[in-house]
$ cat work-v3.pdb   # PDB, C-alpha atoms
MODEL        1
ATOM      1  CA  ASN A  44      28.754  16.140  12.946
ATOM      2  CA  ASP A  45      25.307  16.123  14.567
ATOM      3  CA  ARG A  46      24.238  19.054  12.411
ATOM      4  CA  LEU A  47      25.687  17.409   9.318
ATOM      5  CA  MET A  48      23.773  14.225  10.157
ATOM      6  CA  MET A  49      20.562  16.238  10.547
ATOM      7  CA  ALA A  50      21.155  18.009   7.205
ATOM      8  CA  TYR A  51      21.604  14.684   5.403
ATOM      9  CA  PHE A  52      18.533  13.296   7.152
ATOM     10  CA  TYR A  53      16.360  16.165   5.927
ATOM     11  CA  GLN A  54      17.884  15.914   2.467
ATOM     12  CA  GLY A  55      16.999  12.232   2.407
ATOM     13  CA  SER A  56      13.478  12.998   3.620
ATOM     14  CA  THR A  57      13.073  15.563   0.827
ATOM     15  CA  TYR A  58      14.182  13.077  -1.829
ATOM     16  CA  ARG A  59      11.819  10.516  -0.270
ATOM     17  CA  ASP A  60       8.908  12.958  -0.663
ATOM     18  CA  MET A  61       9.983  13.481  -4.290
ATOM     19  CA  ASN A  62       9.796   9.682  -4.799
ATOM     20  CA  ASP A  63      13.523   9.573  -5.566
ATOM     21  CA  ALA A  64      14.466   6.494  -3.543
ATOM     22  CA  PRO A  65      18.104   6.106  -4.735
ATOM     23  CA  ARG A  66      19.098   9.637  -3.773
ATOM     24  CA  ALA A  67      17.095   9.414  -0.549
ATOM     25  CA  LEU A  68      18.918   6.239   0.474
ATOM     26  CA  LYS A  69      22.287   7.788  -0.413
ATOM     27  CA  ALA A  70      21.539  10.785   1.816
ATOM     28  CA  PHE A  71      20.380   8.540   4.673
ATOM     29  CA  HIS A  72      23.615   6.531   4.386
ATOM     30  CA  GLN A  73      25.567   9.797   4.559
ATOM     31  CA  ALA A  74      23.579  10.790   7.643
ATOM     32  CA  ILE A  75      24.566   7.536   9.356
ATOM     33  CA  ASP A  76      28.221   7.993   8.395
ATOM     34  CA  ALA A  77      28.184  11.542   9.777
ATOM     35  CA  GLY A  78      26.525  10.389  13.002
ATOM     36  CA  LYS A  79      28.839   7.518  13.931
ATOM     37  CA  GLU A  80      29.739   9.191  17.231
ATOM     38  CA  THR A  81      26.386  10.898  17.747
ATOM     39  CA  GLU A  82      24.437  11.030  20.979
ATOM     40  CA  ASN A  83      21.295  11.913  19.023
ATOM     41  CA  LEU A  84      19.992   8.356  19.006
ATOM     42  CA  THR A  85      16.465   9.461  18.157
ATOM     43  CA  LEU A  86      17.582  10.896  14.808
ATOM     44  CA  LEU A  87      19.795   7.887  14.148
ATOM     45  CA  GLY A  88      16.856   5.568  14.786
ATOM     46  CA  GLN A  89      14.631   7.652  12.510
ATOM     47  CA  THR A  90      17.244   7.427   9.746
ATOM     48  CA  TYR A  91      17.427   3.637   9.928
ATOM     49  CA  GLY A  92      13.621   3.484  10.091
ATOM     50  CA  GLN A  93      13.245   5.608   6.954
ATOM     51  CA  MET A  94      15.743   3.433   5.123
ATOM     52  CA  GLY A  95      13.785   0.350   6.116
ATOM     53  CA  THR A  96      10.597   1.841   4.708
ATOM     54  CA  LEU A  97      12.267   2.787   1.411
ATOM     55  CA  PHE A  98      13.797  -0.666   1.014
ATOM     56  CA  SER A  99      10.360  -2.212   1.648
ATOM     57  CA  TYR A 100       8.753  -0.077  -1.061
ATOM     58  CA  GLN A 101      11.330  -1.475  -3.501
ATOM     59  CA  ASP A 102      10.694  -5.077  -2.363
ATOM     60  CA  LEU A 103      14.253  -5.275  -0.963
ATOM     61  CA  TYR A 104      13.065  -7.111   2.105
ATOM     62  CA  ASP A 105      16.385  -8.370   3.491
ATOM     63  CA  GLU A 106      17.802  -4.840   3.459
ATOM     64  CA  ALA A 107      14.548  -3.494   4.899
ATOM     65  CA  LEU A 108      14.670  -6.001   7.743
ATOM     66  CA  THR A 109      18.301  -5.160   8.573
ATOM     67  CA  SER A 110      17.632  -1.403   8.707
ATOM     68  CA  THR A 111      14.401  -1.708  10.672
ATOM     69  CA  LYS A 112      15.957  -4.040  13.236
ATOM     70  CA  LYS A 113      18.792  -1.533  13.747
ATOM     71  CA  ALA A 114      16.208   1.179  14.392
ATOM     72  CA  LEU A 115      14.404  -1.160  16.770
ATOM     73  CA  SER A 116      17.578  -1.868  18.760
ATOM     74  CA  ILE A 117      18.193   1.886  19.150
ATOM     75  CA  TYR A 118      14.671   2.589  20.423
ATOM     76  CA  THR A 119      14.889  -0.424  22.723
ATOM     77  CA  LEU A 120      17.938   1.174  24.359
ATOM     78  CA  GLN A 121      15.985   4.416  24.699
ATOM     79  CA  LYS A 122      12.939   2.593  26.069
ATOM     80  CA  ASP A 123      10.802   4.463  23.539
ATOM     81  CA  SER A 124       7.684   2.254  23.687
ATOM     82  CA  ASN A 125       5.723   4.239  21.078
ATOM     83  CA  ARG A 126       8.327   3.933  18.318
ATOM     84  CA  TYR A 127       9.176   0.412  19.514
ATOM     85  CA  SER A 128       5.583  -0.586  18.796
ATOM     86  CA  TYR A 129       5.588   0.886  15.288
ATOM     87  CA  LEU A 130       8.904  -0.756  14.400
ATOM     88  CA  ASN A 131       7.682  -4.176  15.520
ATOM     89  CA  ARG A 132       4.683  -3.569  13.273
ATOM     90  CA  ASP A 133       6.976  -2.609  10.374
ATOM     91  CA  ILE A 134       9.015  -5.792  10.833
ATOM     92  CA  ALA A 135       5.769  -7.777  10.860
ATOM     93  CA  ARG A 136       4.787  -6.149   7.557
ATOM     94  CA  ILE A 137       8.108  -7.140   6.000
ATOM     95  CA  PHE A 138       7.688 -10.768   7.078
ATOM     96  CA  ASN A 139       4.096 -10.730   5.825
ATOM     97  CA  ALA A 140       5.220  -9.423   2.421
ATOM     98  CA  GLN A 141       7.671 -12.348   2.283
ATOM     99  CA  GLY A 142       4.879 -14.787   3.073
ATOM    100  CA  LYS A 143       6.388 -15.611   6.492
ATOM    101  CA  ARG A 144       3.059 -15.457   8.335
ATOM    102  CA  ASP A 145       4.141 -16.983  11.656
ATOM    103  CA  SER A 146       7.085 -14.587  12.015
ATOM    104  CA  ALA A 147       4.808 -11.709  11.051
ATOM    105  CA  LEU A 148       2.275 -12.717  13.702
ATOM    106  CA  LEU A 149       4.981 -12.842  16.366
ATOM    107  CA  TYR A 150       6.041  -9.239  15.673
ATOM    108  CA  TYR A 151       2.443  -8.023  15.391
ATOM    109  CA  GLN A 152       1.749  -9.525  18.817
ATOM    110  CA  ARG A 153       4.821  -7.780  20.208
ATOM    111  CA  ALA A 154       3.654  -4.480  18.726
ATOM    112  CA  PHE A 155       0.178  -4.929  20.164
ATOM    113  CA  GLY A 156       1.287  -6.152  23.565
ATOM    114  CA  LEU A 157       3.318  -3.103  24.559
ATOM    115  CA  GLY A 158       0.608  -1.404  26.577
ATOM    116  CA  ILE A 159      -0.344   1.027  23.799
ATOM    117  CA  THR A 160      -2.637   3.743  25.133
ATOM    118  CA  ASN A 161      -3.402   5.395  21.783
ATOM    119  CA  SER A 162      -6.705   3.832  20.697
ATOM    120  CA  TYR A 163      -6.226   4.651  16.995
ATOM    121  CA  GLN A 164      -2.743   3.093  16.909
ATOM    122  CA  LYS A 165      -3.959   0.056  18.839
ATOM    123  CA  ASN A 166      -6.859  -0.619  16.462
ATOM    124  CA  ASN A 167      -4.704  -0.111  13.362
ATOM    125  CA  ILE A 168      -2.292  -2.790  14.548
ATOM    126  CA  LEU A 169      -5.184  -5.050  15.534
ATOM    127  CA  SER A 170      -6.743  -4.668  12.070
ATOM    128  CA  GLU A 171      -3.467  -5.786  10.476
ATOM    129  CA  ILE A 172      -3.447  -8.836  12.763
ATOM    130  CA  GLY A 173      -6.965  -9.635  11.552
ATOM    131  CA  CYS A 174      -5.831  -9.341   7.929
ATOM    132  CA  LEU A 175      -2.892 -11.645   8.669
ATOM    133  CA  TYR A 176      -5.246 -14.319  10.014
ATOM    134  CA  TYR A 177      -7.169 -14.005   6.730
ATOM    135  CA  TYR A 178      -3.972 -14.796   4.818
ATOM    136  CA  LYS A 179      -3.335 -17.726   7.186
ATOM    137  CA  GLY A 180      -6.774 -19.093   6.268
ATOM    138  CA  GLU A 181      -8.169 -18.664   9.790
ATOM    139  CA  LEU A 182     -11.306 -16.837   8.703
ATOM    140  CA  GLU A 183     -13.316 -17.020  11.922
ATOM    141  CA  LYS A 184     -10.457 -15.606  13.975
ATOM    142  CA  ALA A 185      -9.896 -12.888  11.362
ATOM    143  CA  LYS A 186     -13.591 -12.010  11.309
ATOM    144  CA  SER A 187     -13.823 -11.773  15.092
ATOM    145  CA  ILE A 188     -10.842  -9.392  15.276
ATOM    146  CA  LEU A 189     -11.974  -7.187  12.382
ATOM    147  CA  ILE A 190     -15.513  -6.828  13.759
ATOM    148  CA  LYS A 191     -14.007  -5.776  17.095
ATOM    149  CA  VAL A 192     -11.865  -3.153  15.312
ATOM    150  CA  LEU A 193     -14.906  -1.720  13.510
ATOM    151  CA  SER A 194     -16.814  -1.442  16.791
ATOM    152  CA  GLU A 195     -14.212   1.124  17.891
ATOM    153  CA  LEU A 196     -12.990   2.443  14.528
ATOM    154  CA  PRO A 197     -15.937   2.268  12.076
ATOM    155  CA  ASN A 198     -13.977   3.754   9.156
ATOM    156  CA  ALA A 199     -11.007   1.339   9.318
ATOM    157  CA  ASP A 200     -10.570   0.585   5.612
ATOM    158  CA  ASN A 201      -8.418  -2.512   6.179
ATOM    159  CA  ALA A 202     -11.094  -4.075   8.358
ATOM    160  CA  LEU A 203     -13.897  -3.137   5.951
ATOM    161  CA  LEU A 204     -12.137  -4.582   2.894
ATOM    162  CA  PHE A 205     -11.060  -7.830   4.518
ATOM    163  CA  LEU A 206     -14.477  -8.459   6.044
ATOM    164  CA  GLY A 207     -15.813  -8.122   2.508
ATOM    165  CA  LEU A 208     -13.263 -10.660   1.299
ATOM    166  CA  ILE A 209     -14.142 -13.052   4.122
ATOM    167  CA  TYR A 210     -17.881 -12.873   3.446
ATOM    168  CA  LYS A 211     -17.182 -13.420  -0.256
ATOM    169  CA  LYS A 212     -15.295 -16.620   0.619
ATOM    170  CA  GLU A 213     -18.228 -17.674   2.796
ATOM    171  CA  GLU A 214     -20.580 -16.958  -0.140
ATOM    172  CA  LEU A 215     -22.493 -14.392   1.908
ATOM    173  CA  LEU A 216     -22.605 -12.057  -1.055
ATOM    174  CA  ASP A 217     -24.942  -9.388   0.374
ATOM    175  CA  SER A 218     -22.626  -8.927   3.381
ATOM    176  CA  ALA A 219     -19.588  -8.905   1.095
ATOM    177  CA  ASN A 220     -21.264  -6.266  -1.076
ATOM    178  CA  TYR A 221     -22.024  -4.116   1.989
ATOM    179  CA  TYR A 222     -18.412  -4.064   3.205
ATOM    180  CA  ALA A 223     -17.000  -3.547  -0.287
ATOM    181  CA  ASN A 224     -19.174  -0.443  -0.719
ATOM    182  CA  LYS A 225     -18.143   0.800   2.736
ATOM    183  CA  THR A 226     -14.521   0.445   1.614
ATOM    184  CA  LEU A 227     -15.270   2.684  -1.368
ATOM    185  CA  LEU A 228     -16.448   5.375   1.062
ATOM    186  CA  TYR A 229     -13.492   5.322   3.426
ATOM    187  CA  GLY A 230     -10.580   3.568   1.711
ATOM    188  CA  ASP A 231      -7.506   5.014   0.045
ATOM    189  CA  ILE A 232      -6.976   4.514  -3.682
ATOM    190  CA  SER A 233      -5.384   1.079  -3.203
ATOM    191  CA  LYS A 234      -8.259  -0.146  -1.031
ATOM    192  CA  LYS A 235     -10.802   1.273  -3.487
ATOM    193  CA  ARG A 236      -9.161  -0.614  -6.339
ATOM    194  CA  SER A 237      -9.421  -3.847  -4.335
ATOM    195  CA  ALA A 238     -13.022  -3.050  -3.411
ATOM    196  CA  TYR A 239     -14.001  -2.577  -7.079
ATOM    197  CA  LYS A 240     -12.361  -5.904  -7.914
ATOM    198  CA  LEU A 241     -14.297  -7.539  -5.072
ATOM    199  CA  LEU A 242     -17.585  -6.013  -6.278
ATOM    200  CA  ALA A 243     -16.936  -7.381  -9.768
ATOM    201  CA  GLU A 244     -16.320 -10.863  -8.316
ATOM    202  CA  ILE A 245     -19.517 -10.593  -6.249
ATOM    203  CA  GLU A 246     -21.543  -9.768  -9.368
ATOM    204  CA  ASP A 247     -19.972 -12.741 -11.170
ATOM    205  CA  GLY A 248     -20.933 -14.933  -8.229
ATOM    206  CA  LYS A 249     -24.531 -13.702  -8.300
ATOM    207  CA  ARG A 250     -24.720 -14.224 -12.065
ATOM    208  CA  ASN A 251     -23.348 -17.772 -11.794
ATOM    209  CA  THR A 252     -25.871 -18.576  -9.053
ATOM    210  CA  LEU A 253     -28.701 -17.223 -11.174
ATOM    211  CA  ILE A 254     -27.608 -19.312 -14.174
ATOM    212  CA  ALA A 255     -27.292 -22.440 -12.003
ATOM    213  CA  ASN A 256     -30.769 -21.908 -10.560
ATOM    214  CA  THR A 257     -32.208 -21.450 -14.063
ATOM    215  CA  TYR A 258     -31.178 -24.990 -14.913
TER     216      TYR A 258
ENDMDL
END
$ encode --input "work-v3.pdb" --output "structure tokens"
Amino acid sequence: NDRLMMAYFYQGSTYRDMNDAPRALKAFHQAIDAGKETENLTLLGQTYGQMGTLFSYQDLYDEALTSTKKALSIYTLQKDSNRYSYLNRDIARIFNAQGKRDSALLYYQRAFGLGITNSYQKNNILSEIGCLYYYKGELEKAKSILIKVLSELPNADNALLFLGLIYKKEELLDSANYYANKTLLYGDISKKRSAYKLLAEIEDGKRNTLIANTY
């Protein structure tokens, strides 16, 4: 049964990489059914974690939360602090996507407060906390956190983009322009799209200011 569970897990992972979510989820369900009596809790936790991620990508947040919390309970039993941290972060992301900012912050703080020694992982979680404060409207707190992240991780695209957004809100357009262009250098395609949108808004803002000053 353990080998059957592993086979289904890898089948599900293959379908996931092929962007075939329905067949991936079916295989992951079969892996869980095969592993009902398993002692391989690590693989079982990974299976639930993968299902949670796939549900999130499809905006099925209740199902994503259920699967991710099951994975979290397994890793809690194993005292696996590294995966425990990532799963708390994943739960925070689900709550954030639902607009439940306070619940998201609680799980981000749990993820961050687990004595993480990996500097890259620590700063990635911290940058997401900074972004969450932006969504909560607490711009000064967000700015302080994101600047701290960039002092240790200068290419953090999340931090670069959201600092640009903050400075745009504060009408500091030169600073916003600087961070938007930095995002274009280091961001993934999603961040670059947002950075181009921000640059367009900055140019509109400059144009409107110029027109206002003309009159």
$ resolve_selection --input "work-v3.pdb" --expression "the PyMOL selection byres ((chain A and resi 104-112) around 7)" --output "PyMOL selection string"
chain A and resi 91-92+94-96+98-99+102-103+113-116+130+134+137
$ resolve_selection --input "work-v3.pdb" --expression "the PyMOL selection byres ((chain A and resi 237) around 12)" --output "list of chain:residue names"
A:Asp200, A:Asn201, A:Leu203, A:Leu204, A:Phe205, A:Gly207, A:Leu208, A:Tyr222, A:Ala223, A:Asn224, A:Thr226, A:Leu227, A:Gly230, A:Asp231, A:Ile232, A:Ser233, A:Lys234, A:Lys235, A:Arg236, A:Ala238, A:Tyr239, A:Lys240, A:Leu241, A:Leu242, A:Ala243, A:Glu244
$ resolve_selection --input "work-v3.pdb" --expression "the PyMOL selection byres ((chain A and resi 85) around 12)" --output "JSON, numbers by chain"
{"A": [45, 48, 49, 52, 78, 81, 82, 83, 84, 86, 87, 88, 89, 90, 91, 92, 114, 115, 116, 117, 118, 119, 120, 121, 122, 123, 126, 127]}
$ write_last_selection --input "work-v3.pdb" --atoms "C-alpha atoms" --output "tab-separated table (two decimals), in the frame of the given file"
chain	number	residue	atom	x	y	z
A	45	ASP	CA	25.31	16.12	14.57
A	48	MET	CA	23.77	14.22	10.16
A	49	MET	CA	20.56	16.24	10.55
A	52	PHE	CA	18.53	13.30	7.15
A	78	GLY	CA	26.52	10.39	13.00
A	81	THR	CA	26.39	10.90	17.75
A	82	GLU	CA	24.44	11.03	20.98
A	83	ASN	CA	21.30	11.91	19.02
A	84	LEU	CA	19.99	8.36	19.01
A	86	LEU	CA	17.58	10.90	14.81
A	87	LEU	CA	19.80	7.89	14.15
A	88	GLY	CA	16.86	5.57	14.79
A	89	GLN	CA	14.63	7.65	12.51
A	90	THR	CA	17.24	7.43	9.75
A	91	TYR	CA	17.43	3.64	9.93
A	92	GLY	CA	13.62	3.48	10.09
A	114	ALA	CA	16.21	1.18	14.39
A	115	LEU	CA	14.40	-1.16	16.77
A	116	SER	CA	17.58	-1.87	18.76
A	117	ILE	CA	18.19	1.89	19.15
A	118	TYR	CA	14.67	2.59	20.42
A	119	THR	CA	14.89	-0.42	22.72
A	120	LEU	CA	17.94	1.17	24.36
A	121	GLN	CA	15.98	4.42	24.70
A	122	LYS	CA	12.94	2.59	26.07
A	123	ASP	CA	10.80	4.46	23.54
A	126	ARG	CA	8.33	3.93	18.32
A	127	TYR	CA	9.18	0.41	19.51
$ closest_residue --input "work-v3.pdb" --among "A:Asn220, A:Thr57, A:Asn161, A:Ser170" --to "Ala199 in chain A" --atoms "all atoms listed in the file"
A:Ser170
$ closest_residue --input "work-v3.pdb" --among "A:Ala135, A:Ala185, A:Ile172, A:Ala70" --to "Ala147 in chain A" --atoms "only C-alpha atoms"
A:Ala135
$ atom_distance --input "work-v3.pdb" --atom1 "CA of Gln101 in chain A" --atom2 "CA of Asn198 in chain A"
28.8 Å
$ axis_aligned_box --input "work-v3.pdb" --around "range 170-177 of chain A" --padding-each-side "6 Å" --output "AutoDock Vina command-line options"
--center_x -5.0 --center_y -9.5 --center_z 9.7 --size_x 16.3 --size_y 21.7 --size_z 18.0
$ closest_residue --input "work-v3.pdb" --among "A:Gln93, A:Ser187, A:Asn131, A:Asn139" --to "Gly156 in chain A" --atoms "all atoms listed in the file"
A:Asn131
$ atom_distance --input "work-v3.pdb" --atom1 "CA of Tyr178 in chain A" --atom2 "CA of Asn125 in chain A"
26.8 Å
$ residues_around --input "work-v3.pdb" --residues "Lys184 in chain A" --least-positions-apart "4" --cutoff "8 Å" --atoms "only C-alpha atoms" --output "short mmCIF file (atom, residue, chain, number, x, y, z; two decimals) with C-alpha atoms, in the frame of the given file"
data_model
loop_
_atom_site.label_atom_id
_atom_site.label_comp_id
_atom_site.auth_asym_id
_atom_site.auth_seq_id
_atom_site.Cartn_x
_atom_site.Cartn_y
_atom_site.Cartn_z
CA GLY A 173 -6.96 -9.64 11.55
CA TYR A 176 -5.25 -14.32 10.01
CA ILE A 188 -10.84 -9.39 15.28
#
$ atom_distance --input "work-v3.pdb" --atom1 "CA of Ile75 in chain A" --atom2 "CA of Asp63 in chain A"
18.7 Å
$ residues_around --input "work-v3.pdb" --residues "Ala202 in chain A" --least-positions-apart "6" --cutoff "8 Å" --atoms "all atoms listed in the file" --output "list in words"
Ser170, Gly173, Cys174, Leu189, Ile190, Val192 and Leu193 of chain A
$ decode --input "work-v3.pdb" --residues "range 239-250 of chain A" --atoms "all heavy atoms" --output "CSV table (one decimal), in the first residue's frame"
chain,number,residue,atom,x,y,z
A,239,TYR,N,4.2,47.3,-14.7
A,239,TYR,CA,3.8,48.1,-15.9
A,239,TYR,C,2.5,48.9,-15.6
A,239,TYR,O,2.4,50.1,-16.0
A,239,TYR,CB,3.7,47.2,-17.1
A,239,TYR,CG,5.0,46.9,-17.8
A,239,TYR,CD1,5.4,45.5,-17.9
A,239,TYR,CD2,5.8,47.9,-18.3
A,239,TYR,CE1,6.6,45.2,-18.6
A,239,TYR,CE2,7.0,47.6,-18.9
A,239,TYR,CZ,7.4,46.3,-19.0
A,239,TYR,OH,8.6,46.0,-19.7
A,240,LYS,N,1.6,48.3,-15.0
A,240,LYS,CA,0.3,49.0,-14.6
A,240,LYS,C,0.6,50.1,-13.7
A,240,LYS,O,0.1,51.2,-13.9
A,240,LYS,CB,-0.6,48.0,-14.0
A,240,LYS,CG,-2.0,48.6,-13.6
A,240,LYS,CD,-2.9,47.7,-12.9
A,240,LYS,CE,-4.2,48.3,-12.5
A,240,LYS,NZ,-5.1,47.4,-11.7
A,241,LEU,N,1.5,49.9,-12.7
A,241,LEU,CA,1.9,51.0,-11.8
A,241,LEU,C,2.6,52.1,-12.5
A,241,LEU,O,2.3,53.3,-12.2
A,241,LEU,CB,2.8,50.4,-10.7
A,241,LEU,CG,3.4,51.4,-9.7
A,241,LEU,CD1,2.2,52.1,-9.0
A,241,LEU,CD2,4.2,50.6,-8.6
A,242,LEU,N,3.5,51.8,-13.4
A,242,LEU,CA,4.2,52.8,-14.2
A,242,LEU,C,3.2,53.7,-15.0
A,242,LEU,O,3.4,54.9,-15.1
A,242,LEU,CB,5.3,52.2,-15.1
A,242,LEU,CG,6.5,51.7,-14.4
A,242,LEU,CD1,7.4,50.8,-15.3
A,242,LEU,CD2,7.4,52.8,-13.8
A,243,ALA,N,2.2,53.0,-15.6
A,243,ALA,CA,1.2,53.7,-16.3
A,243,ALA,C,0.5,54.7,-15.4
A,243,ALA,O,0.2,55.9,-15.8
A,243,ALA,CB,0.3,52.8,-17.0
A,244,GLU,N,0.1,54.2,-14.2
A,244,GLU,CA,-0.6,55.1,-13.3
A,244,GLU,C,0.3,56.3,-12.8
A,244,GLU,O,-0.2,57.4,-12.6
A,244,GLU,CB,-1.1,54.3,-12.1
A,244,GLU,CG,-2.2,53.3,-12.4
A,244,GLU,CD,-2.5,52.3,-11.3
A,244,GLU,OE1,-1.8,52.4,-10.3
A,244,GLU,OE2,-3.4,51.5,-11.4
A,245,ILE,N,1.6,56.0,-12.7
A,245,ILE,CA,2.5,57.1,-12.3
A,245,ILE,C,2.5,58.1,-13.3
A,245,ILE,O,2.5,59.4,-13.0
A,245,ILE,CB,3.9,56.5,-12.0
A,245,ILE,CG1,3.9,55.6,-10.7
A,245,ILE,CG2,4.9,57.6,-11.9
A,245,ILE,CD1,5.1,54.8,-10.6
A,246,GLU,N,2.6,57.7,-14.6
A,246,GLU,CA,2.7,58.7,-15.7
A,246,GLU,C,1.4,59.5,-15.8
A,246,GLU,O,1.4,60.7,-16.0
A,246,GLU,CB,2.9,58.0,-17.0
A,246,GLU,CG,4.3,57.4,-17.2
A,246,GLU,CD,5.4,58.5,-16.9
A,246,GLU,OE1,5.3,59.6,-17.5
A,246,GLU,OE2,6.4,58.3,-16.2
A,247,ASP,N,0.2,58.8,-15.5
A,247,ASP,CA,-1.0,59.6,-15.5
A,247,ASP,C,-1.0,60.6,-14.4
A,247,ASP,O,-1.5,61.7,-14.5
A,247,ASP,CB,-2.2,58.6,-15.2
A,247,ASP,CG,-2.6,57.9,-16.5
A,247,ASP,OD1,-2.2,58.4,-17.6
A,247,ASP,OD2,-3.3,56.9,-16.5
A,248,GLY,N,-0.5,60.2,-13.2
A,248,GLY,CA,-0.4,61.1,-12.1
A,248,GLY,C,0.5,62.3,-12.4
A,248,GLY,O,0.1,63.5,-12.1
A,249,LYS,N,1.6,62.1,-13.0
A,249,LYS,CA,2.5,63.2,-13.4
A,249,LYS,C,1.8,64.1,-14.4
A,249,LYS,O,1.9,65.4,-14.3
A,249,LYS,CB,3.8,62.7,-14.0
A,249,LYS,CG,4.7,62.0,-13.0
A,249,LYS,CD,6.0,61.5,-13.7
A,249,LYS,CE,7.0,60.9,-12.7
A,249,LYS,NZ,8.2,60.3,-13.3
A,250,ARG,N,1.1,63.5,-15.4
A,250,ARG,CA,0.4,64.3,-16.4
A,250,ARG,C,-0.7,65.2,-15.8
A,250,ARG,O,-0.8,66.4,-16.1
A,250,ARG,CB,-0.2,63.4,-17.5
A,250,ARG,CG,-0.7,64.1,-18.7
A,250,ARG,CD,-1.2,63.1,-19.7
A,250,ARG,NE,-0.2,62.2,-20.2
A,250,ARG,CZ,-0.2,60.9,-19.9
A,250,ARG,NH1,-1.2,60.4,-19.2
A,250,ARG,NH2,0.8,60.1,-20.3
